[in-house]
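Next comes final.tsv, with TSV, C-alpha atoms.
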```
chain	number	residue	atom	x	y	z
A	1	MET	CA	7.55	10.40	4.30
A	2	GLU	CA	5.82	12.97	6.43
A	3	ALA	CA	4.39	11.95	9.78
A	4	MET	CA	0.96	13.29	8.90
A	5	ASN	CA	0.85	10.94	5.94
A	6	LEU	CA	1.60	7.78	7.88
A	7	GLY	CA	-0.97	5.02	7.94
A	8	LEU	CA	-1.09	2.17	10.44
A	9	PHE	CA	1.11	-0.11	8.32
A	10	ASP	CA	3.51	2.79	7.62
A	11	LEU	CA	4.51	3.19	11.27
A	12	ALA	CA	7.64	1.05	10.89
A	13	ALA	CA	8.71	2.80	7.67
A	14	PRO	CA	10.83	5.62	9.22
A	15	LEU	CA	12.89	3.14	11.25
A	16	LEU	CA	13.27	0.71	8.35
A	17	SER	CA	14.24	3.54	5.99
A	18	SER	CA	16.85	4.80	8.43
A	19	LEU	CA	18.39	1.34	8.82
A	20	ASP	CA	18.32	0.69	5.09
A	21	GLN	CA	19.96	4.02	4.29
A	22	GLY	CA	22.76	3.17	6.69
A	23	LEU	CA	23.31	-0.16	4.93
A	24	ALA	CA	23.01	1.36	1.44
A	25	ALA	CA	26.44	2.96	1.73
A	26	VAL	CA	28.14	-0.45	1.74
A	27	VAL	CA	25.54	-3.03	0.67
A	28	PRO	CA	23.83	-3.11	-2.78
A	29	ALA	CA	20.04	-3.28	-3.09
A	30	ALA	CA	19.69	-7.01	-3.80
A	31	PRO	CA	21.71	-8.21	-0.75
A	32	ARG	CA	19.84	-5.72	1.43
A	33	LEU	CA	16.54	-7.17	0.23
A	34	ALA	CA	17.78	-10.67	1.02
A	35	LEU	CA	18.74	-9.44	4.48
A	36	TRP	CA	15.28	-7.95	4.99
A	37	GLY	CA	13.80	-11.27	3.90
A	38	LEU	CA	15.84	-13.03	6.58
A	39	VAL	CA	14.79	-10.49	9.20
A	40	ALA	CA	11.13	-10.80	8.26
A	41	ALA	CA	11.29	-14.60	8.37
A	42	ALA	CA	13.01	-14.60	11.76
A	43	PHE	CA	10.53	-12.17	13.33
A	44	SER	CA	7.52	-13.89	11.83
A	45	MET	CA	8.52	-17.43	12.76
A	46	ALA	CA	9.59	-16.38	16.27
A	47	LEU	CA	6.23	-14.71	16.80
A	48	TYR	CA	4.42	-17.79	15.49
A	49	ALA	CA	6.42	-20.09	17.79
A	50	ALA	CA	5.63	-17.88	20.79
A	51	LEU	CA	1.89	-17.61	20.06
A	52	SER	CA	1.09	-21.12	18.86
A	53	PRO	CA	0.59	-24.05	21.32
A	54	GLN	CA	3.33	-26.25	19.90
A	55	HIS	CA	2.86	-29.13	22.38
A	56	ARG	CA	-0.85	-29.41	21.61
A	57	LEU	CA	-0.16	-29.12	17.89
A	58	ARG	CA	2.36	-31.97	18.03
A	59	ARG	CA	-0.16	-34.20	19.82
A	60	ILE	CA	-2.84	-33.36	17.26
A	61	ARG	CA	-0.43	-34.05	14.41
A	62	GLU	CA	0.34	-37.46	15.90
A	63	GLN	CA	-3.39	-38.12	16.14
A	64	ALA	CA	-3.84	-37.05	12.51
A	65	VAL	CA	-1.05	-39.38	11.37
A	66	ALA	CA	-2.58	-42.25	13.32
A	67	ALA	CA	-6.04	-41.57	11.85
A	68	ARG	CA	-4.64	-41.42	8.33
A	69	ARG	CA	-2.74	-44.68	8.77
A	70	ALA	CA	-5.84	-46.38	10.17
A	71	LEU	CA	-7.84	-45.24	7.17
A	72	ASP	CA	-5.13	-46.34	4.74
A	73	HIS	CA	-5.11	-49.82	6.24
A	74	HIS	CA	-8.87	-50.13	6.48
A	75	ASP	CA	-10.25	-53.03	4.42
A	76	GLY	CA	-13.89	-52.90	5.52
A	77	SER	CA	-16.95	-51.20	4.10
A	78	PHE	CA	-17.42	-47.51	3.50
A	79	ALA	CA	-19.81	-47.30	6.45
A	80	GLU	CA	-17.16	-48.76	8.74
A	81	ALA	CA	-14.63	-46.23	7.41
A	82	ARG	CA	-16.75	-43.21	8.27
A	83	PRO	CA	-15.57	-42.95	11.90
A	84	LEU	CA	-11.97	-43.02	10.70
A	85	MET	CA	-12.71	-40.32	8.13
A	86	ARG	CA	-14.41	-38.19	10.78
A	87	ALA	CA	-11.44	-38.61	13.10
A	88	MET	CA	-9.00	-37.54	10.39
A	89	PHE	CA	-11.17	-34.55	9.46
A	90	ALA	CA	-11.60	-33.57	13.13
A	91	THR	CA	-7.85	-33.54	13.79
A	92	SER	CA	-7.30	-31.40	10.71
A	93	MET	CA	-9.91	-28.90	11.89
A	94	LYS	CA	-8.40	-28.81	15.37
A	95	GLN	CA	-4.98	-28.06	13.94
A	96	LEU	CA	-6.37	-25.33	11.71
A	97	ALA	CA	-8.24	-23.74	14.62
A	98	LEU	CA	-5.08	-23.66	16.73
A	99	VAL	CA	-2.74	-22.23	14.07
A	100	LEU	CA	-5.07	-19.72	12.37
A	101	ALA	CA	-4.82	-16.84	14.85
A	102	PRO	CA	-1.06	-17.26	15.53
A	103	ALA	CA	-0.35	-17.46	11.80
A	104	VAL	CA	-2.31	-14.27	11.11
A	105	LEU	CA	-0.59	-12.38	13.93
A	106	ALA	CA	2.81	-13.73	12.90
A	107	SER	CA	2.29	-12.32	9.40
A	108	LEU	CA	2.07	-8.74	10.71
A	109	PRO	CA	5.85	-8.10	10.69
A	110	VAL	CA	5.92	-9.19	7.04
A	111	LEU	CA	2.98	-6.94	6.22
A	112	PHE	CA	4.62	-3.88	7.78
A	113	MET	CA	7.80	-4.64	5.83
A	114	LEU	CA	5.95	-5.21	2.54
A	115	VAL	CA	4.31	-1.80	2.73
A	116	TRP	CA	7.68	-0.16	3.30
A	117	LEU	CA	9.47	-2.21	0.63
A	118	HIS	CA	6.89	-1.30	-2.01
A	119	GLY	CA	7.54	2.39	-1.43
A	120	ALA	CA	11.31	2.07	-1.06
A	121	PHE	CA	12.12	-0.38	-3.87
A	122	GLY	CA	9.05	-0.49	-6.13
A	123	TYR	CA	9.57	2.44	-8.49
A	124	THR	CA	12.04	5.20	-9.31
A	125	LEU	CA	11.62	8.84	-10.21
A	126	PRO	CA	12.25	9.42	-13.92
A	127	GLN	CA	15.47	10.86	-15.27
A	128	GLN	CA	13.49	12.48	-18.10
A	129	THR	CA	9.96	13.60	-17.31
A	130	GLN	CA	8.90	13.77	-20.98
A	131	GLY	CA	8.59	10.00	-21.31
A	132	VAL	CA	6.26	9.45	-18.33
A	133	ASP	CA	2.68	8.51	-19.24
A	134	LEU	CA	0.05	10.32	-17.14
A	135	ARG	CA	-3.68	9.48	-17.03
A	136	THR	CA	-6.38	11.41	-15.24
A	137	GLU	CA	-9.75	10.37	-13.89
A	138	PRO	CA	-12.01	11.62	-15.29
A	139	GLU	CA	-10.42	12.17	-18.68
A	140	GLY	CA	-10.18	15.63	-20.20
A	141	TYR	CA	-7.43	17.03	-18.01
A	142	ALA	CA	-3.86	17.74	-19.10
A	143	ALA	CA	-1.32	16.31	-16.66
A	144	VAL	CA	2.40	16.91	-17.08
A	145	LEU	CA	5.59	16.47	-15.07
A	146	HIS	CA	8.03	19.35	-14.86
A	147	GLN	CA	11.63	18.75	-13.89
A	148	ASP	CA	12.47	21.71	-11.67
A	149	ASN	CA	15.91	23.19	-11.85
A	150	SER	CA	18.44	22.27	-9.21
A	151	ARG	CA	18.92	24.71	-6.37
A	152	THR	CA	21.93	25.57	-4.24
A	153	TYR	CA	21.71	25.64	-0.46
A	154	SER	CA	24.80	26.80	1.48
A	155	GLY	CA	27.01	25.96	-1.50
A	156	ILE	CA	25.49	22.49	-1.97
A	157	THR	CA	23.57	21.78	-5.18
A	158	VAL	CA	20.36	19.82	-4.62
A	159	GLU	CA	18.22	18.38	-7.40
A	160	GLU	CA	14.59	19.32	-6.93
A	161	ALA	CA	11.91	16.65	-7.31
A	162	PRO	CA	9.70	16.77	-10.42
A	163	SER	CA	6.45	18.70	-10.12
A	164	LEU	CA	3.08	17.27	-11.15
A	165	VAL	CA	0.78	19.85	-12.73
A	166	VAL	CA	-2.79	19.13	-13.82
A	167	ARG	CA	-4.81	21.64	-15.87
A	168	ASP	CA	-8.44	21.58	-16.93
A	169	GLY	CA	-9.75	22.20	-20.44
A	170	GLY	CA	-9.48	25.96	-19.94
A	171	GLY	CA	-5.83	25.82	-18.94
A	172	GLN	CA	-6.49	26.46	-15.25
A	173	ILE	CA	-4.34	24.55	-12.76
A	174	VAL	CA	-6.51	22.23	-10.67
A	175	GLU	CA	-3.71	20.30	-8.97
A	176	GLU	CA	0.00	20.94	-8.42
A	177	ARG	CA	2.46	19.27	-6.09
A	178	SER	CA	5.99	18.00	-5.81
A	179	LEU	CA	6.60	14.37	-6.79
A	180	HIS	CA	9.05	13.88	-3.92
A	181	ALA	CA	8.39	10.12	-3.67
A	182	PRO	CA	8.14	7.48	-6.43
A	183	VAL	CA	4.38	7.03	-6.13
A	184	THR	CA	2.29	5.89	-9.10
A	185	SER	CA	-1.05	7.37	-8.08
A	186	LEU	CA	-2.40	10.62	-6.68
A	187	HIS	CA	-6.03	10.42	-5.57
A	188	LYS	CA	-8.59	11.55	-3.06
A	189	ARG	CA	-8.35	10.12	0.41
A	190	GLN	CA	-9.89	6.65	0.70
A	191	TRP	CA	-10.81	4.54	3.75
A	192	TRP	CA	-7.82	2.27	3.28
A	193	ASN	CA	-5.43	5.23	3.59
A	194	VAL	CA	-5.91	4.86	7.34
A	195	LEU	CA	-3.86	1.66	6.91
A	196	ILE	CA	-1.54	2.68	4.06
A	197	ALA	CA	-1.04	6.38	3.40
A	198	ASN	CA	-0.05	8.11	0.19
A	199	PRO	CA	3.25	9.99	0.69
A	200	LEU	CA	2.15	12.62	-1.84
A	201	GLY	CA	-0.94	13.52	0.13
A	202	TYR	CA	-4.42	13.63	-1.37
A	203	ILE	CA	-6.55	15.52	-3.85
A	204	ALA	CA	-9.09	17.75	-2.13
A	205	ASP	CA	-12.55	16.20	-1.77
A	206	ALA	CA	-14.15	19.20	-3.48
A	207	SER	CA	-11.91	18.94	-6.55
A	208	PRO	CA	-13.50	17.71	-9.80
A	209	LEU	CA	-10.30	15.71	-10.38
A	210	GLU	CA	-10.53	12.22	-8.89
A	211	ALA	CA	-7.11	10.71	-9.55
A	212	VAL	CA	-3.90	10.86	-11.57
A	213	GLU	CA	-2.08	7.68	-12.58
A	214	ILE	CA	1.68	8.11	-13.02
A	215	ASP	CA	3.49	5.47	-15.08
A	216	LEU	CA	6.83	5.52	-13.28
A	217	PRO	CA	9.61	3.08	-14.24
A	218	ARG	CA	9.95	0.04	-11.99
A	219	ARG	CA	13.13	-0.21	-9.99
A	220	GLU	CA	15.38	-3.12	-10.94
A	221	VAL	CA	17.59	-4.63	-8.23
A	222	LEU	CA	19.14	-7.42	-10.32
A	223	PRO	CA	20.98	-6.80	-13.62
A	224	PHE	CA	19.88	-10.03	-15.34
A	225	GLY	CA	16.87	-12.17	-16.18
A	226	PRO	CA	13.26	-11.32	-17.15
A	227	TRP	CA	11.59	-8.25	-15.65
A	228	TRP	CA	9.92	-10.14	-12.80
A	229	LEU	CA	13.23	-11.57	-11.63
A	230	ARG	CA	14.82	-8.11	-11.54
A	231	THR	CA	12.29	-6.69	-9.06
A	232	TRP	CA	12.45	-6.48	-5.29
A	233	GLU	CA	9.57	-8.93	-4.94
A	234	PHE	CA	11.58	-11.86	-6.34
A	235	VAL	CA	14.60	-11.34	-4.10
A	236	PHE	CA	12.60	-10.64	-0.95
A	237	PHE	CA	9.97	-13.37	-1.26
A	238	THR	CA	12.48	-16.02	-2.34
A	239	THR	CA	14.58	-15.31	0.72
A	240	LEU	CA	11.53	-15.03	2.99
A	241	VAL	CA	10.05	-18.38	1.95
A	242	ALA	CA	13.38	-20.23	1.99
A	243	ALA	CA	14.37	-18.83	5.39
A	244	SER	CA	10.93	-19.54	6.88
A	245	LEU	CA	11.09	-23.19	5.75
A	246	VAL	CA	14.59	-23.61	7.17
A	247	ILE	CA	13.54	-22.11	10.52
A	248	LYS	CA	10.40	-24.25	10.60
A	249	LEU	CA	12.33	-27.46	9.92
A	250	PHE	CA	15.26	-26.62	12.21
A	251	PHE	CA	13.05	-25.82	15.21
A	252	ARG	CA	10.45	-28.46	14.25
A	253	LEU	CA	7.55	-26.03	14.33
A	254	VAL	CA	4.10	-27.40	13.59
```
So that I can check it, write out the structure of this file as structure tokens.
Amino acid sequence: MEAMNLGLFDLAAPLLSSLDQGLAAVVPAAPRLALWGLVAAAFSMALYAALSPQHRLRRIREQAVAARRALDHHDGSFAEARPLMRAMFATSMKQLALVLAPAVLASLPVLFMLVWLHGAFGYTLPQQTQGVDLRTEPEGYAAVLHQDNSRTYSGITVEEAPSLVVRDGGGQIVEERSLHAPVTSLHKRQWWNVLIANPLGYIADASPLEAVEIDLPRREVLPFGPWWLRTWEFVFFTTLVAASLVIKLFFRLV
């Protein structure tokens, strides 16, 4: 991924890619994803513990439990129960107010990792370019993938990335670039690319072509089960949620 094409949430991608490539020599994809899930959970929960006022939250939780018990044991009229209901609602709102900002900030490590994981484990470049479905916006353009021949550099043979070529109705090339990353869309620059960049770059603003959708095959990290179980999302999120719950219970975080 080129530096000029890095968005805000892509800033951690070069470091994560370097670490993952070092592990890839000895660790398969699925265990690496589980490891990243553990890392994300540890960073996120540690950040939440550091930012959230745990002592105040424990006191508020005790107040909430007391208010709920008082309401459960109330045998009077509805009017008499209103103060108890207000107390229970107030403690819930206090707890939400105290955890909202820390929880949002603590999710940032996960967000940075999700952006990187989607690019690194989401899709693969095709072995045969003929079977890839391409759609243009607007319609009327002819988009194809060409598998360039391999080239030799200093005696080492390197496979070139496929090339995306888009022609208009008259056969003129309106867009051409190397598909050096498994990205499923080429488009003009949007506002959200400040946050998440497109590794392929962007279509020129003056071009009549708006976007090209590339139907790349999804990468499978598990050899069994339905398609959703084979993807990186299942392995990563399962590990992330399980590890976060264990950390929360072990350290008694509120």
Nearby residues (all atoms listed in the file) at most 12 Å from A:Val246, same-chain spacing under 4 positions excluded, as an mmCIF file with C-alpha atoms, keeping the file's coordinate frame:
```
data_model
loop_
_atom_site.group_PDB
_atom_site.id
_atom_site.type_symbol
_atom_site.label_atom_id
_atom_site.label_comp_id
_atom_site.auth_asym_id
_atom_site.auth_seq_id
_atom_site.Cartn_x
_atom_site.Cartn_y
_atom_site.Cartn_z
ATOM 1 C CA LEU A 38 15.840 -13.030 6.580
ATOM 2 C CA ALA A 41 11.290 -14.600 8.370
ATOM 3 C CA ALA A 42 13.010 -14.600 11.760
ATOM 4 C CA MET A 45 8.520 -17.430 12.760
ATOM 5 C CA THR A 239 14.580 -15.310 0.720
ATOM 6 C CA LEU A 240 11.530 -15.030 2.990
ATOM 7 C CA VAL A 241 10.050 -18.380 1.950
ATOM 8 C CA ALA A 242 13.380 -20.230 1.990
ATOM 9 C CA PHE A 250 15.260 -26.620 12.210
ATOM 10 C CA PHE A 251 13.050 -25.820 15.210
ATOM 11 C CA ARG A 252 10.450 -28.460 14.250
ATOM 12 C CA LEU A 253 7.550 -26.030 14.330
#
```
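Minimum distance to A:Met113 across A:Phe43, A:Trp192, A:Tyr141, A:Phe224 (counting all atoms listed in the file) occurs at A:Phe43.
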**Two-atom distance - atom CA of A:Gly22, atom CA of A:Gly201 (Å)** = 26.7 Å
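Minimum atom-to-atom distances from A:Val115, A:Ala103, A:Ala66, A:Val26 to A:Ala197 were compared using all atoms listed in the file, and the lowest value belongs to A:Val115.
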Using all atoms listed in the file, find each residue in stretch 168-252 of chain A having at least one atom no more than 10 Å away from stretch 126-138 of chain A; report its shortest atom-to-atom pair and that distance in Å (one decimal), rows by chain then rising number, as a Markdown table.
```
| residue | atom | partner | partner_atom | distance |
| --- | --- | --- | --- | --- |
| A:Pro182 | CA | A:Pro126 | CA | 8.8 |
| A:Thr184 | CA | A:Leu134 | CA | 9.4 |
| A:Ser185 | CA | A:Arg135 | CA | 9.6 |
| A:Leu186 | CA | A:Thr136 | CA | 9.5 |
| A:His187 | CA | A:Glu137 | CA | 9.1 |
| A:Pro208 | CA | A:Pro138 | CA | 8.3 |
| A:Leu209 | CA | A:Glu137 | CA | 6.4 |
| A:Glu210 | CA | A:Glu137 | CA | 5.4 |
| A:Ala211 | CA | A:Glu137 | CA | 5.1 |
| A:Val212 | CA | A:Thr136 | CA | 4.5 |
| A:Glu213 | CA | A:Arg135 | CA | 5.1 |
| A:Ile214 | CA | A:Leu134 | CA | 5.0 |
| A:Asp215 | CA | A:Asp133 | CA | 5.2 |
| A:Leu216 | CA | A:Val132 | CA | 6.4 |
| A:Pro217 | CA | A:Pro126 | CA | 6.9 |
| A:Arg218 | CA | A:Pro126 | CA | 9.8 |
```
**Message:** Need to verify the contact set: A:Pro53, 10 Å, all atoms listed in the file, exclusion of same-chain residues closer than 3 positions in sequence. Can you return it as an MDAnalysis selection string?
**Reply:** chainID A and resid 48:50 56:58 98:99 102 254
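Using only C-alpha atoms, every residue with an atom at most 7 Å from the point (8.5, -9.8, -3.2) is listed here: Trp232, Glu233, Phe234, Val235, Phe236 and Phe237 of chain A.
Our summary of the geometry notes that atom CA of A:Ile203 is positioned 23.9 Å from atom CA of A:Pro14.
A straight line drawn from atom CA of A:Ile60 to atom CA of A:Ser44 is 22.7 Å long.
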May I have a table of the residues of stretch 103-193 of chain A lying at most 12 Å from stretch 27-30 of chain A, giving each one's closest pair of atoms and their distance in Å to one decimal, counting only C-alpha atoms, ordered by chain and ascending residue number, as a Markdown table?
```
| residue | atom | partner | partner_atom | distance |
| --- | --- | --- | --- | --- |
| A:Leu117 | CA | A:Ala29 | CA | 11.3 |
| A:Ala120 | CA | A:Ala29 | CA | 10.4 |
| A:Phe121 | CA | A:Ala29 | CA | 8.5 |
| A:Gly122 | CA | A:Ala29 | CA | 11.7 |
```
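Near stretch 173-175 of chain A, within 8 Å and counting all atoms listed in the file, sit A:Leu164, A:Val165, A:Val166, A:Arg167, A:Asp168, A:Gly171, A:Arg177, A:Ile203, A:Ser207, A:Leu209; same-chain residues fewer than 2 positions away were not included.
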Give me stretch 34-71 of chain A from this structure - N, CA and C atoms, as a PDB file, in the first residue's frame.
```pdb
ATOM      1  N   ALA A  34      -6.743 -15.489  14.834  1.00  0.00           N
ATOM      2  CA  ALA A  34      -7.080 -15.656  16.246  1.00  0.00           C
ATOM      3  C   ALA A  34      -6.126 -14.852  17.122  1.00  0.00           C
ATOM      4  N   LEU A  35      -4.856 -14.845  16.746  1.00  0.00           N
ATOM      5  CA  LEU A  35      -3.876 -14.061  17.496  1.00  0.00           C
ATOM      6  C   LEU A  35      -4.190 -12.573  17.411  1.00  0.00           C
ATOM      7  N   TRP A  36      -4.558 -12.103  16.222  1.00  0.00           N
ATOM      8  CA  TRP A  36      -4.921 -10.689  16.077  1.00  0.00           C
ATOM      9  C   TRP A  36      -6.177 -10.369  16.873  1.00  0.00           C
ATOM     10  N   GLY A  37      -7.091 -11.316  16.975  1.00  0.00           N
ATOM     11  CA  GLY A  37      -8.268 -11.110  17.805  1.00  0.00           C
ATOM     12  C   GLY A  37      -7.895 -10.945  19.269  1.00  0.00           C
ATOM     13  N   LEU A  38      -6.945 -11.755  19.734  1.00  0.00           N
ATOM     14  CA  LEU A  38      -6.471 -11.632  21.109  1.00  0.00           C
ATOM     15  C   LEU A  38      -5.780 -10.286  21.340  1.00  0.00           C
ATOM     16  N   VAL A  39      -4.963  -9.887  20.387  1.00  0.00           N
ATOM     17  CA  VAL A  39      -4.256  -8.603  20.506  1.00  0.00           C
ATOM     18  C   VAL A  39      -5.246  -7.438  20.543  1.00  0.00           C
ATOM     19  N   ALA A  40      -6.231  -7.483  19.648  1.00  0.00           N
ATOM     20  CA  ALA A  40      -7.227  -6.415  19.605  1.00  0.00           C
ATOM     21  C   ALA A  40      -8.022  -6.352  20.901  1.00  0.00           C
ATOM     22  N   ALA A  41      -8.410  -7.511  21.424  1.00  0.00           N
ATOM     23  CA  ALA A  41      -9.157  -7.546  22.687  1.00  0.00           C
ATOM     24  C   ALA A  41      -8.323  -6.997  23.831  1.00  0.00           C
ATOM     25  N   ALA A  42      -7.060  -7.377  23.899  1.00  0.00           N
ATOM     26  CA  ALA A  42      -6.195  -6.920  24.985  1.00  0.00           C
ATOM     27  C   ALA A  42      -6.000  -5.404  24.935  1.00  0.00           C
ATOM     28  N   PHE A  43      -5.708  -4.870  23.754  1.00  0.00           N
ATOM     29  CA  PHE A  43      -5.512  -3.428  23.613  1.00  0.00           C
ATOM     30  C   PHE A  43      -6.793  -2.675  23.936  1.00  0.00           C
ATOM     31  N   SER A  44      -7.897  -3.145  23.412  1.00  0.00           N
ATOM     32  CA  SER A  44      -9.169  -2.457  23.588  1.00  0.00           C
ATOM     33  C   SER A  44      -9.598  -2.452  25.049  1.00  0.00           C
ATOM     34  N   MET A  45      -9.534  -3.603  25.709  1.00  0.00           N
ATOM     35  CA  MET A  45      -9.969  -3.686  27.092  1.00  0.00           C
ATOM     36  C   MET A  45      -9.014  -2.947  28.023  1.00  0.00           C
ATOM     37  N   ALA A  46      -7.717  -2.955  27.716  1.00  0.00           N
ATOM     38  CA  ALA A  46      -6.766  -2.198  28.530  1.00  0.00           C
ATOM     39  C   ALA A  46      -7.030  -0.703  28.405  1.00  0.00           C
ATOM     40  N   LEU A  47      -7.330  -0.245  27.205  1.00  0.00           N
ATOM     41  CA  LEU A  47      -7.636   1.163  26.996  1.00  0.00           C
ATOM     42  C   LEU A  47      -8.931   1.543  27.711  1.00  0.00           C
ATOM     43  N   TYR A  48      -9.922   0.666  27.650  1.00  0.00           N
ATOM     44  CA  TYR A  48     -11.181   0.935  28.346  1.00  0.00           C
ATOM     45  C   TYR A  48     -10.972   1.004  29.860  1.00  0.00           C
ATOM     46  N   ALA A  49     -10.184   0.084  30.408  1.00  0.00           N
ATOM     47  CA  ALA A  49      -9.920   0.082  31.846  1.00  0.00           C
ATOM     48  C   ALA A  49      -9.189   1.343  32.275  1.00  0.00           C
ATOM     49  N   ALA A  50      -8.280   1.833  31.420  1.00  0.00           N
ATOM     50  CA  ALA A  50      -7.520   3.030  31.776  1.00  0.00           C
ATOM     51  C   ALA A  50      -8.361   4.298  31.682  1.00  0.00           C
ATOM     52  N   LEU A  51      -9.320   4.336  30.772  1.00  0.00           N
ATOM     53  CA  LEU A  51     -10.092   5.556  30.527  1.00  0.00           C
ATOM     54  C   LEU A  51     -11.370   5.640  31.345  1.00  0.00           C
ATOM     55  N   SER A  52     -11.903   4.508  31.750  1.00  0.00           N
ATOM     56  CA  SER A  52     -13.194   4.503  32.452  1.00  0.00           C
ATOM     57  C   SER A  52     -12.985   4.592  33.967  1.00  0.00           C
ATOM     58  N   PRO A  53     -13.837   5.359  34.677  1.00  0.00           N
ATOM     59  CA  PRO A  53     -13.733   5.473  36.144  1.00  0.00           C
ATOM     60  C   PRO A  53     -14.332   4.242  36.825  1.00  0.00           C
ATOM     61  N   GLN A  54     -13.545   3.209  36.977  1.00  0.00           N
ATOM     62  CA  GLN A  54     -14.045   1.934  37.461  1.00  0.00           C
ATOM     63  C   GLN A  54     -14.621   2.019  38.881  1.00  0.00           C
ATOM     64  N   HIS A  55     -14.006   2.810  39.747  1.00  0.00           N
ATOM     65  CA  HIS A  55     -14.530   2.916  41.125  1.00  0.00           C
ATOM     66  C   HIS A  55     -15.919   3.542  41.126  1.00  0.00           C
ATOM     67  N   ARG A  56     -16.098   4.614  40.387  1.00  0.00           N
ATOM     68  CA  ARG A  56     -17.413   5.244  40.306  1.00  0.00           C
ATOM     69  C   ARG A  56     -18.426   4.305  39.664  1.00  0.00           C
ATOM     70  N   LEU A  57     -18.003   3.573  38.645  1.00  0.00           N
ATOM     71  CA  LEU A  57     -18.910   2.652  37.966  1.00  0.00           C
ATOM     72  C   LEU A  57     -19.358   1.524  38.900  1.00  0.00           C
ATOM     73  N   ARG A  58     -18.455   1.062  39.755  1.00  0.00           N
ATOM     74  CA  ARG A  58     -18.838   0.006  40.696  1.00  0.00           C
ATOM     75  C   ARG A  58     -19.861   0.531  41.709  1.00  0.00           C
ATOM     76  N   ARG A  59     -19.658   1.768  42.179  1.00  0.00           N
ATOM     77  CA  ARG A  59     -20.623   2.339  43.115  1.00  0.00           C
ATOM     78  C   ARG A  59     -21.994   2.521  42.458  1.00  0.00           C
ATOM     79  N   ILE A  60     -21.983   2.974  41.208  1.00  0.00           N
ATOM     80  CA  ILE A  60     -23.249   3.168  40.496  1.00  0.00           C
ATOM     81  C   ILE A  60     -23.926   1.830  40.242  1.00  0.00           C
ATOM     82  N   ARG A  61     -23.143   0.806  39.935  1.00  0.00           N
ATOM     83  CA  ARG A  61     -23.734  -0.519  39.726  1.00  0.00           C
ATOM     84  C   ARG A  61     -24.368  -1.035  41.012  1.00  0.00           C
ATOM     85  N   GLU A  62     -23.719  -0.800  42.137  1.00  0.00           N
ATOM     86  CA  GLU A  62     -24.299  -1.205  43.415  1.00  0.00           C
ATOM     87  C   GLU A  62     -25.603  -0.457  43.678  1.00  0.00           C
ATOM     88  N   GLN A  63     -25.616   0.830  43.328  1.00  0.00           N
ATOM     89  CA  GLN A  63     -26.845   1.612  43.486  1.00  0.00           C
ATOM     90  C   GLN A  63     -27.946   1.081  42.565  1.00  0.00           C
ATOM     91  N   ALA A  64     -27.575   0.702  41.353  1.00  0.00           N
ATOM     92  CA  ALA A  64     -28.555   0.167  40.407  1.00  0.00           C
ATOM     93  C   ALA A  64     -29.130  -1.151  40.908  1.00  0.00           C
ATOM     94  N   VAL A  65     -28.282  -2.010  41.467  1.00  0.00           N
ATOM     95  CA  VAL A  65     -28.753  -3.285  42.006  1.00  0.00           C
ATOM     96  C   VAL A  65     -29.692  -3.054  43.175  1.00  0.00           C
ATOM     97  N   ALA A  66     -29.334  -2.099  44.040  1.00  0.00           N
ATOM     98  CA  ALA A  66     -30.192  -1.795  45.185  1.00  0.00           C
ATOM     99  C   ALA A  66     -31.539  -1.246  44.738  1.00  0.00           C
ATOM    100  N   ALA A  67     -31.521  -0.361  43.721  1.00  0.00           N
ATOM    101  CA  ALA A  67     -32.776   0.212  43.221  1.00  0.00           C
ATOM    102  C   ALA A  67     -33.639  -0.863  42.578  1.00  0.00           C
ATOM    103  N   ARG A  68     -33.038  -1.784  41.861  1.00  0.00           N
ATOM    104  CA  ARG A  68     -33.803  -2.848  41.225  1.00  0.00           C
ATOM    105  C   ARG A  68     -34.406  -3.789  42.271  1.00  0.00           C
ATOM    106  N   ARG A  69     -33.645  -4.096  43.297  1.00  0.00           N
ATOM    107  CA  ARG A  69     -34.174  -4.967  44.357  1.00  0.00           C
ATOM    108  C   ARG A  69     -35.322  -4.287  45.095  1.00  0.00           C
ATOM    109  N   ALA A  70     -35.168  -2.978  45.342  1.00  0.00           N
ATOM    110  CA  ALA A  70     -36.247  -2.255  46.035  1.00  0.00           C
ATOM    111  C   ALA A  70     -37.515  -2.254  45.204  1.00  0.00           C
ATOM    112  N   LEU A  71     -37.362  -2.114  43.897  1.00  0.00           N
ATOM    113  CA  LEU A  71     -38.537  -2.124  43.024  1.00  0.00           C
ATOM    114  C   LEU A  71     -39.149  -3.520  42.949  1.00  0.00           C
TER     115      LEU A  71
END
```
